[in-house]
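Novice: Mind looking over this structure? Questions follow.
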Amino acid sequence: MSRFLYTVLLLICLAPGLTAQISFLAYQNIPTGAPPESVLIADFNLDGKNDLAAMTGYSFVLENDRKLLIYYQNEQRTLNAPEIYPAPETFQGNRAMVADDLNHDGRPDIIFTHGDSIGIFYSLVFGGFGPVVNVFSGQYAGDIAKGDLNHDGFTDIAVANGGNFFVTLHYGTPDGSFSTQQMTTPYSDFRNVEIADLNNDQLDDLVFVSAYPTGGLVLYSQQQNGALADPLFLSPTVEQGFPSTPYGIGVGDLNNDGKNDLVTTSPWNTPIANLNLWIQGNNGLAAPSVRQSYDIPEPVVVTDINCDGHDEIVVVHGGWLRMSVYNGLPAGEYSYYVQFDIPNSSHFNAKGLAVGDLNQDGMKDVAIASSNTGIALLYNNGQSSIFNPVSSVTSLADIITTTQKDTSTPVRAVFTRTTTDTIDYVRLVRTDSFLVTENWVETTFYVDSVYLHTRTTCNGALVDTLHGYFFYSSNELSWIDTTLNSTRIDSFFLPRPNLPLTYSLFPNPNRGTLFISFSEALQSAFLSVEIFAADGKRVGFNTNHYEWLSDDLLRLDFLDVAAGFYALRFKSERLSFTEKVVKAEDAH
């Protein structure tokens with residue numbers, strides 16, 4: 001009871017008018033079949049709208065277990081049903097996710113931890129993701145972070161290997177592959193790892209949570225040569241006698257000085273539960289200051305929620321059905337928070353909280369991976385949303401419209417028409433040339449008006465319309481005139497068809513002279529005539545006993561052959577045949 005009264009008094013005393021600044025609609029629950037381990041918000045299909053990714057764990061239902069779910073945002077500013085991709089089926093690890101363009105193709109890829117590896121879903125040119133590519137990362141790959149840890153311009157991946165005394169560093173290369181190094185550290189049991197510039201030297205540094213041998217933060221600062229300096233242990237501020245191990249790390253600008261600061265959560269019950277605020281000064285991170293928290297604060301994100309230019313602190317509380325948002329003020333006080341209902345979940349992973357605009361209203365929404373129900377979506381309903389705008393000025397002057405008609409515009413064009421006729425073996429082609437004149441009548445509308453409507457959104461002021469003077473026109477076809485300019489007739493002969501070659505023999509019977517008539521000219525250099533008796537015996541050649549009387553008439557002489565029945569075999573380049581001929585007795 002005392003804890004409840006304390007929280008209520010804190011909110012009443014320190015948060016006057018807060019609900020007008022930070023507001024969320026009641027959460028929507030998206031079932032995922034298996035409990036989601038982590039969530040991620042990014043524009044995965046490069047359409048200018050943020051999408052939602054979730055990584056599921058184990059639930060004894062194989063079709064839902066260990067899957068990557070991609071919820072694409074559609075034109076109606078809602079999320080489609082998920083596209084599902086199988087992920088490796090390992091039990092170890094939190095299946096934490098980050099997104100970045102690893103292979104330099106302009107599209108975001110998804111990297112996640114599982115078992116002893118990181119899995120990479122590379123985005124495809126025509127949309128979606130390819131199958132998982134695994135890179136060994138050491139035992140108990142837990143949390144994950146991205147950044148440039150060796151000052152070479154390529155994305156590197158840091159993996160916190162829970163329960164081990166090393167951190168795995170995957171250094172990116174120009175071809176998109178990785179060079180892997182396991183960096184030994186005197187600390188272990190990492191719950192959260194982040195990469196950010198924490199000493200204002202424009203180089204990314206590595207920070208992670210340590211639980212053993214001492215609870216706190218471990219900071220590896222990057223040097224100008226790209227190497228990581230020796231670790232610096234940072235002790236949090238906690239109540240005397242309570243463990244000091246933080247849970248989540250949030251990175252953002254807490255005091256509006258342009259430098260990265262840190263927020264860490266201490267997952268205990270009120271009044272011991274608290275946040276540590278680590279402000280970056282001229283010499284790195286200063287000793288933390290403490291802010292009271294609701295029970296069991298776990299994952300934390302630092303970002304501007306109400307679009308006032310100051311970062312808020314968003315915290316999710318394990319087992320207590322609550323999300324807290326600390327309002328950011330110019331001096332970075334964070335002296336009060338407001339709470340929102342979320343689904344029950346006994347525990348939230350460090351990457352189980354994501355913040356981003358999921359409905360294109362200019363405000364940042366919240367996605368939470370709830371191990372009991374699915375994904376909880378809390379849509380931002382702040383005053384700066386384009387769905388809930390604050391109008392500053394609205395004025396509408398008289399609209400005066402004048403019309404000017406009958407502006408005639410002739411449009412001339414020449415076109416041709418071709419017709420074809422065939423008479424016997426002659427083809428006639430007729431080409432006619434026409435001049436066509438179209439007359440269009442233009443009507444112009446002149447409008448004199450002023451309309452001004454200004455709305456304030458998260459991205460600044462939106463001015464809907466401002467008109468001083470404008471006009472527009474419409475055109476209609478009035479008439480068409482067609483004139484025949486010229487006519488041309490061309491003719492040409494078509495080739496006659498190539499008919500089959502035929503022949504006839506006469507007279508048959510004959511008295512020694514035989515004629516062969518052909519259907520067309522057949523004189524040829526190659527010609528052979530053979531004569532065979534009735535018993536098949538060749539009785540002579542006649543190659544020297546013929547005469548062409550014309551191009552298509554051949555005479556053969558059989559004067560020296562006895563009367564009887566014979567076979568005549570004729571061969572030429574175009575025609576071959578065998579015919580029976582009869583030589584009659586000479587008349588006396």
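Ordering of the structure tokens sets the chain letters (A, B, ...); residue numbers start at 1 within each chain; ligands are numbered from 1 in the order shown.
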For segment 92-108 of chain A, list every protein, DNA or RNA residue within 6 Å, evaluated using only C-alpha atoms, and leave out those in the same chain fewer than 4 positions away; present the list as a list in words.
Specialist: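 The residues satisfying every condition are Ser38, Phe44, Phe112, Thr113, His114, Gly115, Tyr140, Ala141, Gly142, Asp143, Gly176 and Lys351 of chain A.
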Novice: Determine, counting only C-alpha atoms, which protein, DNA and RNA residues have an atom within 7 Å of an atom of Phe340 of chain A; residues of the same chain fewer than 5 positions away are not included. Present the result as a PyMOL selection string.
Specialist: chain A and resi 322-324
Novice: In Å, rounded to a single decimal, give me how far atom CA of Arg291 of chain A is from atom CA of Ser370 of chain A.
Specialist: 25.3 Å
Novice: Near Ile423 of chain A, counting only C-alpha atoms, which residues have an atom at most 12 Å away, once you skip same-chain residues fewer than 3 positions from it, shown as a VMD selection string?
Specialist: chain A and resid 420 426 to 429 491 to 494
Novice: Could you please take those selected residues and save all heavy atoms as a PDB file, in the first residue's frame?
Specialist:
```pdb
ATOM      1  N   THR A 420      -4.217  -1.586-101.527  1.00  0.00           N
ATOM      2  CA  THR A 420      -3.521  -2.506-102.435  1.00  0.00           C
ATOM      3  C   THR A 420      -4.550  -3.356-103.174  1.00  0.00           C
ATOM      4  O   THR A 420      -5.474  -3.907-102.558  1.00  0.00           O
ATOM      5  CB  THR A 420      -2.554  -3.405-101.663  1.00  0.00           C
ATOM      6  OG1 THR A 420      -1.624  -2.599-100.952  1.00  0.00           O
ATOM      7  CG2 THR A 420      -1.794  -4.325-102.598  1.00  0.00           C
ATOM      8  N   VAL A 426      -0.289  -8.556-111.557  1.00  0.00           N
ATOM      9  CA  VAL A 426       0.100  -7.154-111.393  1.00  0.00           C
ATOM     10  C   VAL A 426      -0.507  -6.637-110.087  1.00  0.00           C
ATOM     11  O   VAL A 426      -1.706  -6.801-109.849  1.00  0.00           O
ATOM     12  CB  VAL A 426      -0.377  -6.291-112.586  1.00  0.00           C
ATOM     13  CG1 VAL A 426      -0.006  -4.835-112.342  1.00  0.00           C
ATOM     14  CG2 VAL A 426       0.239  -6.799-113.882  1.00  0.00           C
ATOM     15  N   ARG A 427       0.335  -6.031-109.228  1.00  0.00           N
ATOM     16  CA  ARG A 427      -0.142  -5.460-107.961  1.00  0.00           C
ATOM     17  C   ARG A 427      -0.112  -3.934-108.068  1.00  0.00           C
ATOM     18  O   ARG A 427       0.885  -3.335-108.470  1.00  0.00           O
ATOM     19  CB  ARG A 427       0.744  -5.895-106.798  1.00  0.00           C
ATOM     20  CG  ARG A 427       0.352  -5.279-105.454  1.00  0.00           C
ATOM     21  CD  ARG A 427       0.912  -6.044-104.312  1.00  0.00           C
ATOM     22  NE  ARG A 427       0.293  -7.379-104.235  1.00  0.00           N
ATOM     23  CZ  ARG A 427       0.680  -8.332-103.398  1.00  0.00           C
ATOM     24  NH1 ARG A 427       1.695  -8.118-102.579  1.00  0.00           N
ATOM     25  NH2 ARG A 427       0.070  -9.498-103.397  1.00  0.00           N
ATOM     26  N   LEU A 428      -1.236  -3.313-107.675  1.00  0.00           N
ATOM     27  CA  LEU A 428      -1.376  -1.863-107.699  1.00  0.00           C
ATOM     28  C   LEU A 428      -1.398  -1.344-106.266  1.00  0.00           C
ATOM     29  O   LEU A 428      -2.188  -1.812-105.440  1.00  0.00           O
ATOM     30  CB  LEU A 428      -2.668  -1.457-108.422  1.00  0.00           C
ATOM     31  CG  LEU A 428      -2.816  -1.946-109.873  1.00  0.00           C
ATOM     32  CD1 LEU A 428      -4.165  -1.528-110.436  1.00  0.00           C
ATOM     33  CD2 LEU A 428      -1.692  -1.386-110.749  1.00  0.00           C
ATOM     34  N   VAL A 429      -0.551  -0.367-105.951  1.00  0.00           N
ATOM     35  CA  VAL A 429      -0.475   0.240-104.619  1.00  0.00           C
ATOM     36  C   VAL A 429      -0.839   1.706-104.755  1.00  0.00           C
ATOM     37  O   VAL A 429      -0.165   2.463-105.463  1.00  0.00           O
ATOM     38  CB  VAL A 429       0.930   0.093-104.010  1.00  0.00           C
ATOM     39  CG1 VAL A 429       0.962   0.742-102.622  1.00  0.00           C
ATOM     40  CG2 VAL A 429       1.317  -1.380-103.905  1.00  0.00           C
ATOM     41  N   SER A 491       2.844   0.288-109.438  1.00  0.00           N
ATOM     42  CA  SER A 491       2.511  -1.083-109.848  1.00  0.00           C
ATOM     43  C   SER A 491       3.788  -1.877-110.017  1.00  0.00           C
ATOM     44  O   SER A 491       4.832  -1.326-110.358  1.00  0.00           O
ATOM     45  CB  SER A 491       1.701  -1.077-111.148  1.00  0.00           C
ATOM     46  OG  SER A 491       2.478  -0.549-112.214  1.00  0.00           O
ATOM     47  N   PHE A 492       3.677  -3.189-109.815  1.00  0.00           N
ATOM     48  CA  PHE A 492       4.809  -4.074-110.084  1.00  0.00           C
ATOM     49  C   PHE A 492       4.268  -5.482-110.298  1.00  0.00           C
ATOM     50  O   PHE A 492       3.165  -5.833-109.868  1.00  0.00           O
ATOM     51  CB  PHE A 492       5.821  -4.038-108.936  1.00  0.00           C
ATOM     52  CG  PHE A 492       5.251  -4.417-107.599  1.00  0.00           C
ATOM     53  CD1 PHE A 492       5.275  -5.726-107.151  1.00  0.00           C
ATOM     54  CD2 PHE A 492       4.670  -3.447-106.786  1.00  0.00           C
ATOM     55  CE1 PHE A 492       4.749  -6.058-105.925  1.00  0.00           C
ATOM     56  CE2 PHE A 492       4.146  -3.784-105.556  1.00  0.00           C
ATOM     57  CZ  PHE A 492       4.180  -5.088-105.113  1.00  0.00           C
ATOM     58  N   PHE A 493       5.055  -6.272-111.079  1.00  0.00           N
ATOM     59  CA  PHE A 493       4.646  -7.631-111.420  1.00  0.00           C
ATOM     60  C   PHE A 493       5.011  -8.592-110.290  1.00  0.00           C
ATOM     61  O   PHE A 493       6.091  -8.505-109.719  1.00  0.00           O
ATOM     62  CB  PHE A 493       5.318  -8.079-112.729  1.00  0.00           C
ATOM     63  CG  PHE A 493       4.775  -7.391-113.942  1.00  0.00           C
ATOM     64  CD1 PHE A 493       5.398  -6.261-114.440  1.00  0.00           C
ATOM     65  CD2 PHE A 493       3.628  -7.862-114.582  1.00  0.00           C
ATOM     66  CE1 PHE A 493       4.898  -5.600-115.551  1.00  0.00           C
ATOM     67  CE2 PHE A 493       3.134  -7.211-115.689  1.00  0.00           C
ATOM     68  CZ  PHE A 493       3.765  -6.077-116.193  1.00  0.00           C
ATOM     69  N   LEU A 494       4.100  -9.485-110.076  1.00  0.00           N
ATOM     70  CA  LEU A 494       4.353 -10.526-109.085  1.00  0.00           C
ATOM     71  C   LEU A 494       4.969 -11.732-109.773  1.00  0.00           C
ATOM     72  O   LEU A 494       4.680 -12.006-110.954  1.00  0.00           O
ATOM     73  CB  LEU A 494       3.045 -10.943-108.408  1.00  0.00           C
ATOM     74  CG  LEU A 494       2.311  -9.852-107.620  1.00  0.00           C
ATOM     75  CD1 LEU A 494       0.977 -10.384-107.112  1.00  0.00           C
ATOM     76  CD2 LEU A 494       3.161  -9.372-106.477  1.00  0.00           C
TER      77      LEU A 494
END
```
Novice: Please return, as a VMD selection string, all residues of segment 40-203 of chain A that DSSP assigns to strand (DSSP E or B) on the basis of the backbone.
Specialist: chain A and resid 40 to 42 51 to 56 67 to 71 73 79 83 to 86 97 to 100 109 to 114 117 to 121 123 129 133 to 136 141 to 147 156 to 161 166 to 172 178 to 184 188 193 to 196
Novice: Considering only C-alpha atoms, return as a list in words whatever protein or nucleic-acid residues lie within 8 Å of Ser478 of chain A, sequence-local ones (same chain, fewer than 2 positions apart) excluded.
Specialist: Glu438, Asn439, Trp440, Val441, Glu476 and Ile480 of chain A
Novice: Pull all heavy atoms from the residues just selected and write them as a PDB file, in the first residue's frame.
Specialist:
```pdb
ATOM      1  N   GLU A 438      -7.730  20.279 -87.229  1.00  0.00           N
ATOM      2  CA  GLU A 438      -8.600  20.215 -86.062  1.00  0.00           C
ATOM      3  C   GLU A 438      -8.678  21.609 -85.436  1.00  0.00           C
ATOM      4  O   GLU A 438      -7.659  22.303 -85.327  1.00  0.00           O
ATOM      5  CB  GLU A 438      -8.061  19.231 -85.026  1.00  0.00           C
ATOM      6  CG  GLU A 438      -7.997  17.802 -85.494  1.00  0.00           C
ATOM      7  CD  GLU A 438      -7.450  16.886 -84.418  1.00  0.00           C
ATOM      8  OE1 GLU A 438      -6.973  17.414 -83.393  1.00  0.00           O
ATOM      9  OE2 GLU A 438      -7.496  15.660 -84.594  1.00  0.00           O
ATOM     10  N   ASN A 439      -9.841  21.999 -85.026  1.00  0.00           N
ATOM     11  CA  ASN A 439     -10.004  23.303 -84.372  1.00  0.00           C
ATOM     12  C   ASN A 439     -10.459  23.075 -82.931  1.00  0.00           C
ATOM     13  O   ASN A 439     -11.520  22.496 -82.681  1.00  0.00           O
ATOM     14  CB  ASN A 439     -11.018  24.167 -85.112  1.00  0.00           C
ATOM     15  CG  ASN A 439     -10.880  25.637 -84.742  1.00  0.00           C
ATOM     16  OD1 ASN A 439      -9.968  26.311 -85.213  1.00  0.00           O
ATOM     17  ND2 ASN A 439     -11.754  26.123 -83.892  1.00  0.00           N
ATOM     18  N   TRP A 440      -9.613  23.496 -81.980  1.00  0.00           N
ATOM     19  CA  TRP A 440      -9.889  23.327 -80.560  1.00  0.00           C
ATOM     20  C   TRP A 440     -10.261  24.677 -79.946  1.00  0.00           C
ATOM     21  O   TRP A 440      -9.628  25.696 -80.236  1.00  0.00           O
ATOM     22  CB  TRP A 440      -8.663  22.779 -79.820  1.00  0.00           C
ATOM     23  CG  TRP A 440      -8.344  21.354 -80.200  1.00  0.00           C
ATOM     24  CD1 TRP A 440      -7.685  20.935 -81.304  1.00  0.00           C
ATOM     25  CD2 TRP A 440      -8.696  20.197 -79.466  1.00  0.00           C
ATOM     26  NE1 TRP A 440      -7.586  19.567 -81.318  1.00  0.00           N
ATOM     27  CE2 TRP A 440      -8.206  19.085 -80.185  1.00  0.00           C
ATOM     28  CE3 TRP A 440      -9.371  19.972 -78.263  1.00  0.00           C
ATOM     29  CZ2 TRP A 440      -8.372  17.781 -79.744  1.00  0.00           C
ATOM     30  CZ3 TRP A 440      -9.532  18.672 -77.819  1.00  0.00           C
ATOM     31  CH2 TRP A 440      -9.044  17.597 -78.557  1.00  0.00           C
ATOM     32  N   VAL A 441     -11.236  24.639 -79.069  1.00  0.00           N
ATOM     33  CA  VAL A 441     -11.674  25.846 -78.385  1.00  0.00           C
ATOM     34  C   VAL A 441     -11.243  25.757 -76.926  1.00  0.00           C
ATOM     35  O   VAL A 441     -11.569  24.782 -76.225  1.00  0.00           O
ATOM     36  CB  VAL A 441     -13.207  26.027 -78.487  1.00  0.00           C
ATOM     37  CG1 VAL A 441     -13.655  27.237 -77.668  1.00  0.00           C
ATOM     38  CG2 VAL A 441     -13.611  26.196 -79.945  1.00  0.00           C
ATOM     39  N   GLU A 476     -11.727  21.814 -75.795  1.00  0.00           N
ATOM     40  CA  GLU A 476     -12.711  20.942 -76.422  1.00  0.00           C
ATOM     41  C   GLU A 476     -12.551  21.016 -77.941  1.00  0.00           C
ATOM     42  O   GLU A 476     -12.287  22.091 -78.494  1.00  0.00           O
ATOM     43  CB  GLU A 476     -14.129  21.347 -76.035  1.00  0.00           C
ATOM     44  CG  GLU A 476     -14.454  21.158 -74.560  1.00  0.00           C
ATOM     45  CD  GLU A 476     -15.887  21.519 -74.251  1.00  0.00           C
ATOM     46  OE1 GLU A 476     -16.593  21.967 -75.190  1.00  0.00           O
ATOM     47  OE2 GLU A 476     -16.300  21.361 -73.085  1.00  0.00           O
ATOM     48  N   ILE A 480     -13.514  19.282 -87.403  1.00  0.00           N
ATOM     49  CA  ILE A 480     -12.400  18.667 -88.130  1.00  0.00           C
ATOM     50  C   ILE A 480     -12.655  18.845 -89.627  1.00  0.00           C
ATOM     51  O   ILE A 480     -13.760  18.573 -90.112  1.00  0.00           O
ATOM     52  CB  ILE A 480     -12.245  17.169 -87.795  1.00  0.00           C
ATOM     53  CG1 ILE A 480     -11.971  16.983 -86.303  1.00  0.00           C
ATOM     54  CG2 ILE A 480     -11.133  16.531 -88.616  1.00  0.00           C
ATOM     55  CD1 ILE A 480     -11.880  15.535 -85.894  1.00  0.00           C
TER      56      ILE A 480
END
```
Novice: So which residues touch segment 170-172 of chain A within 12 Å, counting only C-alpha atoms, skipping near sequence neighbours fewer than 3 positions away, as a PyMOL selection string?
Specialist: chain A and resi 100-104+111+117-118+135-138+144-160+167+175-183+226-227
Novice: List as a compact mmCIF listing (two decimals) with N, CA and C atoms, in the first residue's frame the protein and nucleic acid residues near Arg569 of chain A, meaning an atom at most 9 Å away when only C-alpha atoms are counted, but skip any in the same chain fewer than 2 places from it.
Specialist:
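Result file out_15.txt:
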```
# COMPACT_ATOMS: atom_id res chain seq x y z
N SER A 528 20.41 -37.88 -120.35
CA SER A 528 20.74 -39.30 -120.60
C SER A 528 19.46 -40.01 -120.98
N VAL A 529 19.55 -40.86 -122.08
CA VAL A 529 18.41 -41.69 -122.51
C VAL A 529 18.95 -43.11 -122.69
N GLU A 530 18.32 -44.08 -122.00
CA GLU A 530 18.73 -45.48 -122.09
C GLU A 530 17.53 -46.31 -122.51
N ILE A 531 17.83 -47.40 -123.29
CA ILE A 531 16.78 -48.28 -123.81
C ILE A 531 17.01 -49.67 -123.26
N PHE A 532 15.95 -50.28 -122.71
CA PHE A 532 16.02 -51.63 -122.14
C PHE A 532 14.99 -52.51 -122.82
N ALA A 567 11.73 -50.37 -122.65
CA ALA A 567 11.59 -49.38 -121.55
C ALA A 567 12.55 -48.24 -121.82
N LYS A 571 16.76 -39.20 -118.04
CA LYS A 571 17.32 -38.48 -116.89
C LYS A 571 17.84 -37.12 -117.34
N SER A 576 13.32 -36.91 -114.19
CA SER A 576 13.70 -38.31 -114.45
C SER A 576 12.43 -39.13 -114.51
N PHE A 577 12.38 -40.06 -115.51
CA PHE A 577 11.19 -40.93 -115.60
C PHE A 577 11.54 -42.16 -116.43
N THR A 578 10.72 -43.16 -116.32
CA THR A 578 10.84 -44.41 -117.13
C THR A 578 9.47 -44.68 -117.75
N GLU A 579 9.43 -44.84 -119.05
CA GLU A 579 8.16 -45.08 -119.75
C GLU A 579 8.33 -46.28 -120.70
N LYS A 580 7.19 -47.00 -120.91
CA LYS A 580 7.19 -48.11 -121.88
C LYS A 580 6.91 -47.54 -123.28
```
Novice: How far is it from atom CA of Gln222 of chain A to atom CA of Ser289 of chain A, in Å with one decimal?
Specialist: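 For atom CA of Gln222 of chain A relative to atom CA of Ser289 of chain A, the distance reads 25.2 Å.
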Novice: Which polymer residues have any atom within 8 Å of an atom of Asn45 of chain A, counting only C-alpha atoms, with same-chain residues fewer than 6 positions away left out, as a PyMOL selection string?
Specialist: chain A and resi 72+107+127-128
Novice: Please save C-alpha atoms of the selected residues as a short mmCIF file (atom, residue, chain, number, x, y, z; two decimals), in the first residue's frame.
Specialist:
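Here's the written file result29.cif:
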```cif
data_model
loop_
_atom_site.label_atom_id
_atom_site.label_comp_id
_atom_site.auth_asym_id
_atom_site.auth_seq_id
_atom_site.Cartn_x
_atom_site.Cartn_y
_atom_site.Cartn_z
CA TYR A 72 4.97 -3.92 -43.48
CA ARG A 107 18.74 -1.76 -48.14
CA GLY A 127 11.78 -7.18 -51.64
CA GLY A 128 11.81 -9.51 -48.66
#
```
Novice: In Å, how far is it from atom CA of Asn282 of chain A to atom CA of Tyr220 of chain A?
Specialist: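 The value is 17.3 Å.
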Novice: Which residue, A:Asn50, A:Asn274, A:Ser504, A:Ser572, has the smallest gap to Leu522 of chain A when you use only C-alpha atoms?
Specialist: A:Ser572
Novice: For Asp261 of chain A, which residue out of A:Thr409, A:Asn498, A:Thr237, A:Asn200 is the nearest one, using only C-alpha atoms?
Specialist: A:Asn200
Novice: My list of candidates is A:Gly332, A:Pro288, A:Pro507, A:Gly162. Which is closest to Val238 of chain A when distances are computed with only C-alpha atoms?
Specialist: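 The shortest atom-to-atom distance to Val238 of chain A comes from A:Pro288.
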